[in-house]
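Coordinates from my_file09.pdb are shown below (PDB, C-alpha atoms).
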```pdb
ATOM      1  CA  MET T   1     -20.986  -8.191  -0.654
ATOM      2  CA  ALA T   2     -22.677  -4.950   0.372
ATOM      3  CA  PRO T   3     -22.396  -2.219  -2.305
ATOM      4  CA  LEU T   4     -20.493   0.159  -0.008
ATOM      5  CA  GLU T   5     -18.482  -2.416   1.952
ATOM      6  CA  ASP T   6     -15.166  -1.456   0.345
ATOM      7  CA  ILE T   7     -15.954   2.264   0.045
ATOM      8  CA  ARG T   8     -14.144   4.560   2.449
ATOM      9  CA  VAL T   9     -15.343   8.115   3.029
ATOM     10  CA  SER T  10     -12.967  10.772   4.331
ATOM     11  CA  LYS T  11     -13.543  14.388   5.239
ATOM     12  CA  ARG T  12     -11.272  17.230   4.152
ATOM     13  CA  PHE T  13     -12.341  20.621   5.429
ATOM     14  CA  PHE T  14     -16.092  20.750   4.679
ATOM     15  CA  PHE T  15     -16.022  18.217   1.848
ATOM     16  CA  ARG T  16     -16.542  14.453   1.729
ATOM     17  CA  PHE T  17     -14.422  12.281  -0.558
ATOM     18  CA  ALA T  18     -14.791   8.569  -1.260
ATOM     19  CA  HIS T  19     -12.763   5.801  -2.886
ATOM     20  CA  ASN T  20     -12.776   2.018  -3.084
ATOM     21  CA  VAL T  21     -10.025   0.589  -0.849
ATOM     22  CA  ARG T  22      -9.644  -2.314  -3.292
ATOM     23  CA  GLU T  23      -9.483  -0.176  -6.428
ATOM     24  CA  TYR T  24      -6.197  -1.792  -7.515
ATOM     25  CA  GLU T  25      -7.549  -5.305  -7.109
ATOM     26  CA  LYS T  26     -10.857  -4.866  -8.909
ATOM     27  CA  ASP T  27     -12.555  -2.353 -11.174
ATOM     28  CA  SER T  28     -14.199   0.507  -9.285
ATOM     29  CA  VAL T  29     -15.671   2.538 -12.153
ATOM     30  CA  PRO T  30     -18.857   4.164 -10.786
ATOM     31  CA  THR T  31     -22.204   2.704 -11.843
ATOM     32  CA  ASP T  32     -25.541   4.511 -11.600
ATOM     33  CA  ASP T  33     -26.421   2.441  -8.526
ATOM     34  CA  LEU T  34     -23.138   3.319  -6.819
ATOM     35  CA  VAL T  35     -23.581   7.015  -7.574
ATOM     36  CA  LYS T  36     -27.028   6.916  -5.974
ATOM     37  CA  LEU T  37     -25.601   5.321  -2.824
ATOM     38  CA  LEU T  38     -22.730   7.804  -2.678
ATOM     39  CA  LEU T  39     -25.161  10.706  -2.871
ATOM     40  CA  GLU T  40     -27.147   9.190  -0.010
ATOM     41  CA  GLU T  41     -23.893   9.224   1.985
ATOM     42  CA  LYS T  42     -23.452  12.915   1.069
ATOM     43  CA  VAL T  43     -20.208  12.243  -0.816
ATOM     44  CA  ASP T  44     -19.007  15.244  -2.839
ATOM     45  CA  ILE T  45     -16.289  13.599  -4.965
ATOM     46  CA  TYR T  46     -15.613   9.940  -5.777
ATOM     47  CA  THR T  47     -12.165   8.969  -7.052
ATOM     48  CA  PHE T  48     -11.097   5.812  -8.899
ATOM     49  CA  ILE T  49      -8.302   4.589 -11.149
ATOM     50  CA  GLU T  50      -8.143   3.023 -14.580
ATOM     51  CA  ARG T  51      -6.678  -0.468 -14.254
ATOM     52  CA  CYS T  52      -5.133   0.005 -17.682
ATOM     53  CA  TRP T  53      -2.693  -2.920 -17.364
ATOM     54  CA  CYS T  54      -5.621  -5.328 -17.697
ATOM     55  CA  CYS T  55      -8.965  -3.498 -17.997
ATOM     56  CA  PRO T  56      -8.735  -0.176 -19.877
ATOM     57  CA  ILE T  57     -11.798   2.063 -19.715
ATOM     58  CA  VAL T  58     -13.464   2.423 -23.105
ATOM     59  CA  ASN T  59     -14.812   5.927 -23.821
ATOM     60  CA  PRO T  60     -14.360   7.511 -20.381
ATOM     61  CA  SER T  61     -16.900  10.200 -19.558
ATOM     62  CA  ARG T  62     -15.866  13.772 -20.345
ATOM     63  CA  LYS T  63     -17.384  14.778 -17.020
ATOM     64  CA  TRP T  64     -14.654  12.929 -15.125
ATOM     65  CA  LEU T  65     -11.700  15.015 -14.008
ATOM     66  CA  LYS T  66      -8.400  13.232 -14.385
ATOM     67  CA  VAL T  67      -4.768  13.411 -13.283
ATOM     68  CA  SER T  68      -1.704  11.285 -13.891
ATOM     69  CA  ASP T  69      -0.898   8.667 -11.262
ATOM     70  CA  ASN T  70       1.315   5.587 -11.069
ATOM     71  CA  ILE T  71       1.960   2.259  -9.380
ATOM     72  CA  ALA T  72       5.050   0.096  -8.921
ATOM     73  CA  LEU T  73       4.319  -2.930 -11.096
ATOM     74  CA  ALA T  74       6.156  -6.166 -11.838
ATOM     75  CA  THR T  75       5.138  -8.260 -14.843
ATOM     76  CA  ILE T  76       5.885 -11.946 -14.348
ATOM     77  CA  SER T  77       5.505 -15.136 -16.342
ATOM     78  CA  SER T  78       7.453 -17.425 -14.006
ATOM     79  CA  TYR T  79       9.438 -17.183 -10.800
ATOM     80  CA  ASP T  80      12.669 -18.261 -12.480
ATOM     81  CA  GLU T  81      12.323 -15.598 -15.159
ATOM     82  CA  TRP T  82      11.709 -12.911 -12.532
ATOM     83  CA  LEU T  83      14.745 -14.105 -10.570
ATOM     84  CA  SER T  84      16.933 -13.931 -13.670
ATOM     85  CA  GLN T  85      15.776 -10.387 -14.490
ATOM     86  CA  ILE T  86      16.370  -8.705 -11.123
ATOM     87  CA  GLY T  87      19.793  -7.313 -10.307
ATOM     88  CA  LYS T  88      22.650  -9.671  -9.467
ATOM     89  CA  LYS T  89      23.103  -8.050  -6.055
ATOM     90  CA  THR T  90      19.479  -8.640  -5.067
ATOM     91  CA  ARG T  91      19.540 -12.196  -6.427
ATOM     92  CA  ASN T  92      22.657 -12.981  -4.376
ATOM     93  CA  MET T  93      21.096 -11.450  -1.248
ATOM     94  CA  ILE T  94      18.077 -13.734  -1.603
ATOM     95  CA  ARG T  95      20.205 -16.835  -2.091
ATOM     96  CA  LYS T  96      22.519 -15.902   0.789
ATOM     97  CA  ALA T  97      19.557 -15.406   3.144
ATOM     98  CA  GLU T  98      18.073 -18.759   2.142
ATOM     99  CA  LYS T  99      21.416 -20.520   2.698
ATOM    100  CA  ALA T 100      21.622 -18.881   6.134
ATOM    101  CA  GLY T 101      18.385 -20.610   7.103
ATOM    102  CA  MET T 102      15.764 -17.967   6.256
ATOM    103  CA  LYS T 103      12.446 -19.697   5.621
ATOM    104  CA  THR T 104       9.295 -18.179   4.129
ATOM    105  CA  CYS T 105       5.852 -19.703   3.862
ATOM    106  CA  PRO T 106       2.173 -18.722   3.556
ATOM    107  CA  VAL T 107       0.357 -19.174   6.858
ATOM    108  CA  VAL T 108      -3.165 -19.612   8.133
ATOM    109  CA  PRO T 109      -4.298 -16.766  10.429
ATOM    110  CA  SER T 110      -3.667 -17.713  14.055
ATOM    111  CA  GLU T 111      -2.959 -16.195  17.452
ATOM    112  CA  GLU T 112       0.730 -16.961  16.934
ATOM    113  CA  ILE T 113       0.752 -14.871  13.744
ATOM    114  CA  VAL T 114      -1.186 -12.074  15.479
ATOM    115  CA  GLU T 115       1.379 -11.910  18.279
ATOM    116  CA  GLY T 116       4.300 -12.038  15.850
ATOM    117  CA  ILE T 117       2.966  -9.135  13.762
ATOM    118  CA  TRP T 118       2.096  -7.186  16.919
ATOM    119  CA  LYS T 119       5.695  -7.514  18.141
ATOM    120  CA  ILE T 120       7.040  -6.266  14.794
ATOM    121  CA  PHE T 121       4.628  -3.316  14.767
ATOM    122  CA  ASN T 122       5.731  -2.308  18.251
ATOM    123  CA  GLU T 123       9.452  -2.875  17.848
ATOM    124  CA  THR T 124      10.163   0.798  17.131
ATOM    125  CA  PRO T 125       8.191   4.059  16.711
ATOM    126  CA  MET T 126      10.413   5.129  13.798
ATOM    127  CA  ARG T 127      11.027   3.410  10.479
ATOM    128  CA  GLN T 128      13.046   4.793   7.565
ATOM    129  CA  GLY T 129      13.394   8.083   9.404
ATOM    130  CA  ARG T 130       9.648   8.582   9.768
ATOM    131  CA  LEU T 131       6.960   8.134  12.386
ATOM    132  CA  PHE T 132       5.663   4.562  12.009
ATOM    133  CA  PRO T 133       1.830   4.662  11.909
ATOM    134  CA  HIS T 134       1.303   1.110  13.242
ATOM    135  CA  TYR T 135       3.437   1.601  16.340
ATOM    136  CA  GLY T 136       1.255   1.320  19.429
ATOM    137  CA  LYS T 137      -1.367  -0.937  17.841
ATOM    138  CA  THR T 138      -3.011  -3.276  20.326
ATOM    139  CA  LEU T 139      -3.254  -7.038  20.000
ATOM    140  CA  GLU T 140      -6.970  -6.698  19.287
ATOM    141  CA  GLU T 141      -6.345  -4.231  16.438
ATOM    142  CA  VAL T 142      -3.782  -6.584  14.899
ATOM    143  CA  ARG T 143      -6.141  -9.534  15.385
ATOM    144  CA  GLU T 144      -8.874  -7.731  13.433
ATOM    145  CA  MET T 145      -6.409  -7.080  10.595
ATOM    146  CA  VAL T 146      -5.139 -10.679  10.460
ATOM    147  CA  PHE T 147      -8.569 -12.304  10.596
ATOM    148  CA  TYR T 148     -10.306  -9.791   8.291
ATOM    149  CA  PRO T 149     -11.920 -11.834   5.476
ATOM    150  CA  VAL T 150     -10.240 -10.760   2.233
ATOM    151  CA  ASP T 151      -8.900 -12.798  -0.667
ATOM    152  CA  GLY T 152      -5.241 -12.885   0.271
ATOM    153  CA  VAL T 153      -2.542 -14.546   2.314
ATOM    154  CA  PHE T 154       0.021 -13.683   4.961
ATOM    155  CA  ILE T 155       3.546 -14.791   4.088
ATOM    156  CA  VAL T 156       5.850 -15.091   7.079
ATOM    157  CA  ALA T 157       9.647 -15.189   7.285
ATOM    158  CA  TYR T 158      11.352 -17.240   9.999
ATOM    159  CA  LEU T 159      14.951 -17.281  11.140
ATOM    160  CA  GLY T 160      15.140 -20.384  13.240
ATOM    161  CA  ASP T 161      11.998 -20.332  15.366
ATOM    162  CA  GLU T 162      11.710 -16.545  15.376
ATOM    163  CA  MET T 163       9.221 -14.713  13.157
ATOM    164  CA  VAL T 164      11.298 -11.940  11.578
ATOM    165  CA  GLY T 165       8.985 -10.477   8.930
ATOM    166  CA  PHE T 166       5.762 -10.767   6.982
ATOM    167  CA  ILE T 167       3.971  -9.755   3.801
ATOM    168  CA  HIS T 168       0.235  -9.340   3.393
ATOM    169  CA  LEU T 169      -0.423 -10.313  -0.226
ATOM    170  CA  LEU T 170      -3.880  -9.619  -1.654
ATOM    171  CA  PHE T 171      -5.296 -11.361  -4.714
ATOM    172  CA  GLY T 172      -7.432  -9.383  -7.132
ATOM    173  CA  ASP T 173      -8.710  -9.537 -10.668
ATOM    174  CA  GLN T 174      -5.557 -10.405 -12.654
ATOM    175  CA  ILE T 175      -3.218  -8.871 -10.071
ATOM    176  CA  GLY T 176      -1.490  -9.555  -6.777
ATOM    177  CA  VAL T 177      -1.053  -6.588  -4.440
ATOM    178  CA  ILE T 178       1.610  -6.329  -1.749
ATOM    179  CA  SER T 179      -0.538  -4.603   0.845
ATOM    180  CA  GLN T 180       2.096  -4.535   3.562
ATOM    181  CA  ILE T 181       5.638  -5.749   4.098
ATOM    182  CA  LEU T 182       7.576  -5.387   7.319
ATOM    183  CA  SER T 183      10.492  -7.029   9.087
ATOM    184  CA  VAL T 184      12.388  -6.865  12.359
ATOM    185  CA  GLN T 185      14.871  -3.998  12.218
ATOM    186  CA  LYS T 186      17.671  -5.834  14.006
ATOM    187  CA  TYR T 187      17.754  -8.267  11.056
ATOM    188  CA  ARG T 188      17.706  -5.620   8.313
ATOM    189  CA  ASP T 189      21.112  -6.893   7.104
ATOM    190  CA  LYS T 190      19.600 -10.349   6.497
ATOM    191  CA  ALA T 191      17.599  -9.374   3.367
ATOM    192  CA  VAL T 192      14.318 -10.383   5.023
ATOM    193  CA  ASN T 193      12.184  -8.127   2.825
ATOM    194  CA  ASN T 194      13.881  -9.343  -0.346
ATOM    195  CA  VAL T 195      13.135 -12.956   0.559
ATOM    196  CA  LEU T 196       9.521 -12.075   1.354
ATOM    197  CA  VAL T 197       9.065 -10.331  -2.001
ATOM    198  CA  ALA T 198      10.585 -13.359  -3.737
ATOM    199  CA  LYS T 199       8.076 -15.656  -2.052
ATOM    200  CA  ALA T 200       5.193 -13.351  -3.016
ATOM    201  CA  ILE T 201       6.346 -13.426  -6.646
ATOM    202  CA  GLU T 202       6.655 -17.214  -6.522
ATOM    203  CA  ILE T 203       3.111 -17.627  -5.169
ATOM    204  CA  CYS T 204       1.670 -15.257  -7.783
ATOM    205  CA  ALA T 205       3.498 -17.114 -10.555
ATOM    206  CA  GLN T 206       2.088 -20.423  -9.293
ATOM    207  CA  ARG T 207      -1.408 -18.919  -9.419
ATOM    208  CA  GLN T 208      -0.699 -17.646 -12.971
ATOM    209  CA  ILE T 209      -1.098 -14.030 -11.871
ATOM    210  CA  GLN T 210       0.709 -11.904 -14.420
ATOM    211  CA  TRP T 211       1.013  -8.625 -12.497
ATOM    212  CA  VAL T 212       2.184  -7.829  -8.972
ATOM    213  CA  MET T 213       1.796  -4.339  -7.522
ATOM    214  CA  TYR T 214       3.815  -2.782  -4.710
ATOM    215  CA  GLY T 215       2.406   0.647  -3.873
ATOM    216  CA  ARG T 216       3.356   3.769  -5.796
ATOM    217  CA  VAL T 217       6.615   5.341  -6.928
ATOM    218  CA  GLY T 218       7.778   8.832  -6.016
ATOM    219  CA  ASN T 219       7.074   9.388  -2.328
ATOM    220  CA  HIS T 220      10.054   7.665  -0.714
ATOM    221  CA  PRO T 221      13.441   7.511  -2.520
ATOM    222  CA  SER T 222      14.944   4.597  -0.545
ATOM    223  CA  LEU T 223      11.768   2.521  -0.865
ATOM    224  CA  ASP T 224      11.583   3.336  -4.590
ATOM    225  CA  LYS T 225      15.131   2.005  -4.959
ATOM    226  CA  PHE T 226      14.185  -1.198  -3.132
ATOM    227  CA  LYS T 227      11.198  -1.720  -5.433
ATOM    228  CA  GLU T 228      13.328  -1.168  -8.530
ATOM    229  CA  SER T 229      15.951  -3.663  -7.316
ATOM    230  CA  ASN T 230      13.187  -6.271  -6.981
ATOM    231  CA  GLY T 231      11.868  -5.906 -10.512
ATOM    232  CA  PHE T 232       9.142  -3.281 -10.051
ATOM    233  CA  VAL T 233       8.898  -0.403 -12.506
ATOM    234  CA  LYS T 234       6.958   2.851 -12.442
ATOM    235  CA  TYR T 235       3.770   2.183 -14.375
ATOM    236  CA  PRO T 236       1.715   5.265 -15.339
ATOM    237  CA  LEU T 237      -2.048   5.280 -15.053
ATOM    238  CA  VAL T 238      -4.954   7.726 -14.866
ATOM    239  CA  ARG T 239      -6.846   8.654 -11.716
ATOM    240  CA  TYR T 240     -10.363   9.977 -12.263
ATOM    241  CA  PHE T 241     -12.567  12.146 -10.059
ATOM    242  CA  LEU T 242     -16.340  12.131 -10.351
ATOM    243  CA  VAL T 243     -17.837  15.337  -8.969
ATOM    244  CA  LEU T 244     -21.217  14.566  -7.406
ATOM    245  CA  THR T 245     -22.370  17.825  -5.795
ATOM    246  CA  ARG T 246     -22.028  21.587  -6.021
ATOM    247  CA  LYS T 247     -19.765  21.448  -2.991
ATOM    248  CA  GLY T 248     -17.680  18.900  -4.859
ATOM    249  CA  LYS T 249     -17.396  21.241  -7.827
ATOM    250  CA  PHE T 250     -16.135  23.995  -5.533
ATOM    251  CA  ALA T 251     -13.639  21.607  -3.919
ATOM    252  CA  ALA T 252     -12.379  20.563  -7.348
ATOM    253  CA  THR T 253     -11.974  24.233  -8.323
ATOM    254  CA  LEU T 254      -9.678  24.605  -5.303
ATOM    255  CA  GLY T 255      -7.841  21.393  -6.208
ATOM    256  CA  LEU T 256      -8.813  19.738  -2.934
ATOM    257  CA  GLN T 257      -9.708  16.419  -4.545
ATOM    258  CA  ARG T 258      -6.009  15.517  -4.441
ATOM    259  CA  GLU T 259      -4.012  15.132  -1.239
ATOM    260  CA  LEU T 260      -1.377  17.797  -0.613
ATOM    261  CA  LYS T 261       1.516  15.370  -1.126
ATOM    262  CA  ASP T 262       0.179  14.581  -4.620
ATOM    263  CA  ARG T 263      -0.207  18.244  -5.550
ATOM    264  CA  LEU T 264       3.387  19.160  -4.735
ATOM    265  CA  PRO T 265       6.041  18.986  -7.505
ATOM    266  CA  GLN T 266       8.311  15.949  -7.139
ATOM    267  CA  GLY T 267      11.460  18.029  -6.715
ATOM    268  CA  PHE T 268       9.851  20.093  -3.960
ATOM    269  CA  LYS T 269       8.672  16.954  -2.146
ATOM    270  CA  LEU T 270      12.210  15.560  -2.109
ATOM    271  CA  ARG T 271      13.526  18.788  -0.599
ATOM    272  CA  LEU T 272      10.858  18.595   2.110
ATOM    273  CA  LEU T 273      11.729  15.016   3.154
ATOM    274  CA  PRO T 274      14.461  15.990   5.677
ATOM    275  CA  LEU T 275      12.046  18.430   7.328
ATOM    276  CA  TYR T 276       9.274  15.825   7.389
ATOM    277  CA  ASN T 277      11.613  13.264   8.976
ATOM    278  CA  TRP T 278      12.791  15.808  11.555
ATOM    279  CA  VAL T 279       9.200  16.628  12.537
ATOM    280  CA  SER T 280       8.451  12.890  12.815
ATOM    281  CA  LYS T 281      11.346  12.446  15.245
ATOM    282  CA  LEU T 282      10.095  15.349  17.370
ATOM    283  CA  LYS T 283       6.637  13.774  17.530
ATOM    284  CA  VAL T 284       8.085  10.426  18.589
ATOM    285  CA  ARG T 285      10.182  12.010  21.343
ATOM    286  CA  LYS T 286       7.153  13.918  22.607
ATOM    287  CA  GLU T 287       4.940  10.817  22.648
ATOM    288  CA  LEU T 288       7.592   8.683  24.377
ATOM    289  CA  LYS T 289       8.138  11.396  26.968
ATOM    290  CA  GLN T 290       4.393  11.539  27.665
ATOM    291  CA  GLN T 291       4.240   7.749  28.011
ATOM    292  CA  SER T 292       7.111   7.666  30.505
ATOM    293  CA  SER T 293       5.755  10.526  32.647
TER     294      SER T 293
END
```
Would you write the structure of this file as structure tokens?
Amino acid sequence: MAPLEDIRVSKRFFFRFAHNVREYEKDSVPTDDLVKLLLEEKVDIYTFIERCWCCPIVNPSRKWLKVSDNIALATISSYDEWLSQIGKKTRNMIRKAEKAGMKTCPVVPSEEIVEGIWKIFNETPMRQGRLFPHYGKTLEEVREMVFYPVDGVFIVAYLGDEMVGFIHLLFGDQIGVISQILSVQKYRDKAVNNVLVAKAIEICAQRQIQWVMYGRVGNHPSLDKFKESNGFVKYPLVRYFLVLTRKGKFAATLGLQRELKDRLPQGFKLRLLPLYNWVSKLKVRKELKQQSS
């Protein structure tokens, strides 16, 4: 694998920031060789996390800036144990969906899967009160995502012959990562996402993977509640920032190494959610109006 294959560089104002897109799946602590390559790419700040659940960093450099971060993490030893530990309501929803004929299974990438995911992406421009970023994706864009060579699996949910949801589960060093989970909105009362999570947990348990991650906690109250009901807890960790240039030092002085949403106090973010959702709806209406004109 090329040294920078998983590195993504983004620009914020006049500064360039980089991170490893698979930082939760494998260690991304910077080596001397990586630092040299980052400097060649004119990166000002490189950020990475400490995978403290399995690989704590011994004697971290004092030059690294650090902030508190978190992930939603489930610790599992077996599927049955996980099922017994989640709430009774969620457990009953899973069993009811399975009795109603909901089927889940890992699948091999195919054109059928591409089309099914594409239809789900383009079902609605709004999800959970917000602008849905994957709405409008083309078949080719979805095809590139489905056939992209990473160590993982797509898990698909079927109701009869209809594909009603999917999970993209990635496998890393001692962890499984739920990269994406989505289902058809008209079946949201069928517990599709709960059944998909259950299948992901079952597969990880079969592979003797002890930890399963599902994003972060704190940016979406309803999604946080869903994670908690499925056995995920807020797990604290440390995010580090390696300043590489003088420009990077200036950016860090201004606090620009962190995204705005991560710099805002939690209480303030929650108060801003209604405004954010309202702006999202305005954007959707504007885009739909432009498409129809």
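Across T:Lys137, T:Lys11, T:Arg51, T:Lys63, the tightest approach to T:Glu23 is made by T:Arg51 when counting all atoms listed in the file.
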Inset, instruction - Give me, please, the distance in Å between atom CA of T:Val212 and atom CA of T:Glu115, quoted to one decimal. - result: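 Answer for the atom CA of T:Val212 to atom CA of T:Glu115 separation: 27.6 Å.
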Inset, instruction - Would you kindly return, as a ChimeraX atom specification, each protein, DNA or RNA residue with an atom no farther than 12 Å from any atom of T:Pro60, considering only C-alpha atoms and excluding same-chain residues fewer than 2 positions away? - result: /T:29-30,49-50,56-58,62-66,238-242
Inset, instruction - Check the smallest atom-to-atom distance from each of T:Cys54, T:Leu256, T:Leu223, T:Met102 to T:Asp161 using only C-alpha atoms, then report the winner. - result: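 Using only C-alpha atoms, the shortest distance to T:Asp161 belongs to T:Met102.
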Inset, instruction - Quick one: pull the distance between atom CA of T:Val177 and atom CA of T:Tyr214, Å, one decimal. - result: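 If I compute the distance from atom CA of T:Val177 to atom CA of T:Tyr214, I get 6.2 Å.
Using all atoms listed in the file for every distance, the candidate list T:Ile181, T:Val108, T:Ile86, T:Ala97 yields T:Ile181 as the residue closest to T:Phe121.
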Legend entry - Residues matched by the PyMOL selection byres ((chain T and resi 196-199) around 9), written as a list in words: Tyr79, Trp82, Leu83, Ile94, Thr104, Cys105, Pro106, Ile155, Val156, Ala157, Gly165, Phe166, Ile167, Ile178, Ile181, Ala191, Val192, Asn193, Asn194, Val195, Ala200, Ile201, Glu202, Ile203, Cys204 and Asn230 of chain T
Inset, instruction - Have a look at atom CA of T:Thr75 and atom CA of T:Trp211 and let me know their distance in Å, one decimal. - result: 4.8 Å
Legend entry - Nearest-residue call for T:Lys36, choices T:Leu4, T:Gly218, T:Phe13, T:Lys190, using all atoms listed in the file: T:Leu4
Inset, instruction - Could you check which of T:Val43, T:Leu254, T:Leu170, T:Met126 is closest to T:Phe154, using all atoms listed in the file? - result: T:Leu170
Inset, instruction - Would you translate the PyMOL selection byres ((chain T and resi 120) around 10) into the concrete set of residues it matches in this file, as a ChimeraX atom specification? - result: /T:115-119,121-124,134-135,163-166,182-185
Legend entry - Residue with smallest distance to T:His220 - pool T:Gln174, T:Ser10, T:Gln128, T:Ser77, counting all atoms listed in the file: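 Nearest candidate to T:His220 out of T:Gln174, T:Ser10, T:Gln128, T:Ser77: T:Gln128.
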Inset, instruction - For T:Ala18, please output as number ranges by chain all residues within 10 Å (counting only C-alpha atoms; exclusion window: fewer than 2 positions along the same chain). - result: T: 7-11, 16, 20-21, 38, 41-48, 241-242, 257
For the residues in the current selection, export C-alpha atoms as a PDB file, keeping the file's coordinate frame.
```
ATOM      1  CA  ILE T   7     -15.954   2.264   0.045  1.00  0.00           C
ATOM      2  CA  ARG T   8     -14.144   4.560   2.449  1.00  0.00           C
ATOM      3  CA  VAL T   9     -15.343   8.115   3.029  1.00  0.00           C
ATOM      4  CA  SER T  10     -12.967  10.772   4.331  1.00  0.00           C
ATOM      5  CA  LYS T  11     -13.543  14.388   5.239  1.00  0.00           C
ATOM      6  CA  ARG T  16     -16.542  14.453   1.729  1.00  0.00           C
ATOM      7  CA  ASN T  20     -12.776   2.018  -3.084  1.00  0.00           C
ATOM      8  CA  VAL T  21     -10.025   0.589  -0.849  1.00  0.00           C
ATOM      9  CA  LEU T  38     -22.730   7.804  -2.678  1.00  0.00           C
ATOM     10  CA  GLU T  41     -23.893   9.224   1.985  1.00  0.00           C
ATOM     11  CA  LYS T  42     -23.452  12.915   1.069  1.00  0.00           C
ATOM     12  CA  VAL T  43     -20.208  12.243  -0.816  1.00  0.00           C
ATOM     13  CA  ASP T  44     -19.007  15.244  -2.839  1.00  0.00           C
ATOM     14  CA  ILE T  45     -16.289  13.599  -4.965  1.00  0.00           C
ATOM     15  CA  TYR T  46     -15.613   9.940  -5.777  1.00  0.00           C
ATOM     16  CA  THR T  47     -12.165   8.969  -7.052  1.00  0.00           C
ATOM     17  CA  PHE T  48     -11.097   5.812  -8.899  1.00  0.00           C
ATOM     18  CA  PHE T 241     -12.567  12.146 -10.059  1.00  0.00           C
ATOM     19  CA  LEU T 242     -16.340  12.131 -10.351  1.00  0.00           C
ATOM     20  CA  GLN T 257      -9.708  16.419  -4.545  1.00  0.00           C
TER      21      GLN T 257
END
```
Apply the PyMOL selection byres ((chain T and resi 236) around 8) to the displayed file and report the matching residues as a compact mmCIF listing (two decimals) with C-alpha atoms, in the frame of the given file.
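out-v1.txt, freshly written:
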```txt
# COMPACT_ATOMS: atom_id res chain seq x y z
CA SER T 68 -1.70 11.28 -13.89
CA ASP T 69 -0.90 8.67 -11.26
CA ASN T 70 1.32 5.59 -11.07
CA ILE T 71 1.96 2.26 -9.38
CA LYS T 234 6.96 2.85 -12.44
CA TYR T 235 3.77 2.18 -14.38
CA LEU T 237 -2.05 5.28 -15.05
CA VAL T 238 -4.95 7.73 -14.87
```
Any chance you could model all heavy atoms for stretch 183-187 of chain T and send them as a compact mmCIF listing (two decimals), keeping the file's coordinate frame?
```
# COMPACT_ATOMS: atom_id res chain seq x y z
N SER T 183 9.60 -6.07 8.46
CA SER T 183 10.49 -7.03 9.09
C SER T 183 11.14 -6.42 10.32
O SER T 183 11.11 -5.21 10.53
CB SER T 183 11.57 -7.48 8.09
OG SER T 183 12.31 -6.37 7.62
N VAL T 184 11.72 -7.29 11.13
CA VAL T 184 12.39 -6.86 12.36
C VAL T 184 13.64 -6.06 12.01
O VAL T 184 14.47 -6.50 11.21
CB VAL T 184 12.76 -8.10 13.21
CG1 VAL T 184 13.54 -7.67 14.45
CG2 VAL T 184 11.51 -8.87 13.60
N GLN T 185 13.77 -4.89 12.60
CA GLN T 185 14.87 -4.00 12.22
C GLN T 185 16.25 -4.57 12.55
O GLN T 185 17.21 -4.32 11.84
CB GLN T 185 14.69 -2.64 12.88
CG GLN T 185 13.66 -1.76 12.19
CD GLN T 185 13.86 -0.28 12.49
OE1 GLN T 185 14.25 0.09 13.58
NE2 GLN T 185 13.58 0.55 11.50
N LYS T 186 16.35 -5.32 13.63
CA LYS T 186 17.67 -5.83 14.01
C LYS T 186 18.21 -6.86 13.00
O LYS T 186 19.39 -7.18 13.02
CB LYS T 186 17.63 -6.44 15.41
CG LYS T 186 16.83 -7.71 15.55
CD LYS T 186 16.92 -8.25 16.98
CE LYS T 186 16.14 -9.54 17.14
NZ LYS T 186 16.23 -10.08 18.52
N TYR T 187 17.32 -7.33 12.10
CA TYR T 187 17.75 -8.27 11.06
C TYR T 187 17.73 -7.62 9.66
O TYR T 187 17.65 -8.32 8.65
CB TYR T 187 16.86 -9.51 11.05
CG TYR T 187 16.98 -10.36 12.28
CD1 TYR T 187 15.86 -10.67 13.05
CD2 TYR T 187 18.21 -10.86 12.69
CE1 TYR T 187 15.95 -11.44 14.19
CE2 TYR T 187 18.32 -11.65 13.83
CZ TYR T 187 17.19 -11.94 14.58
OH TYR T 187 17.31 -12.71 15.71
```
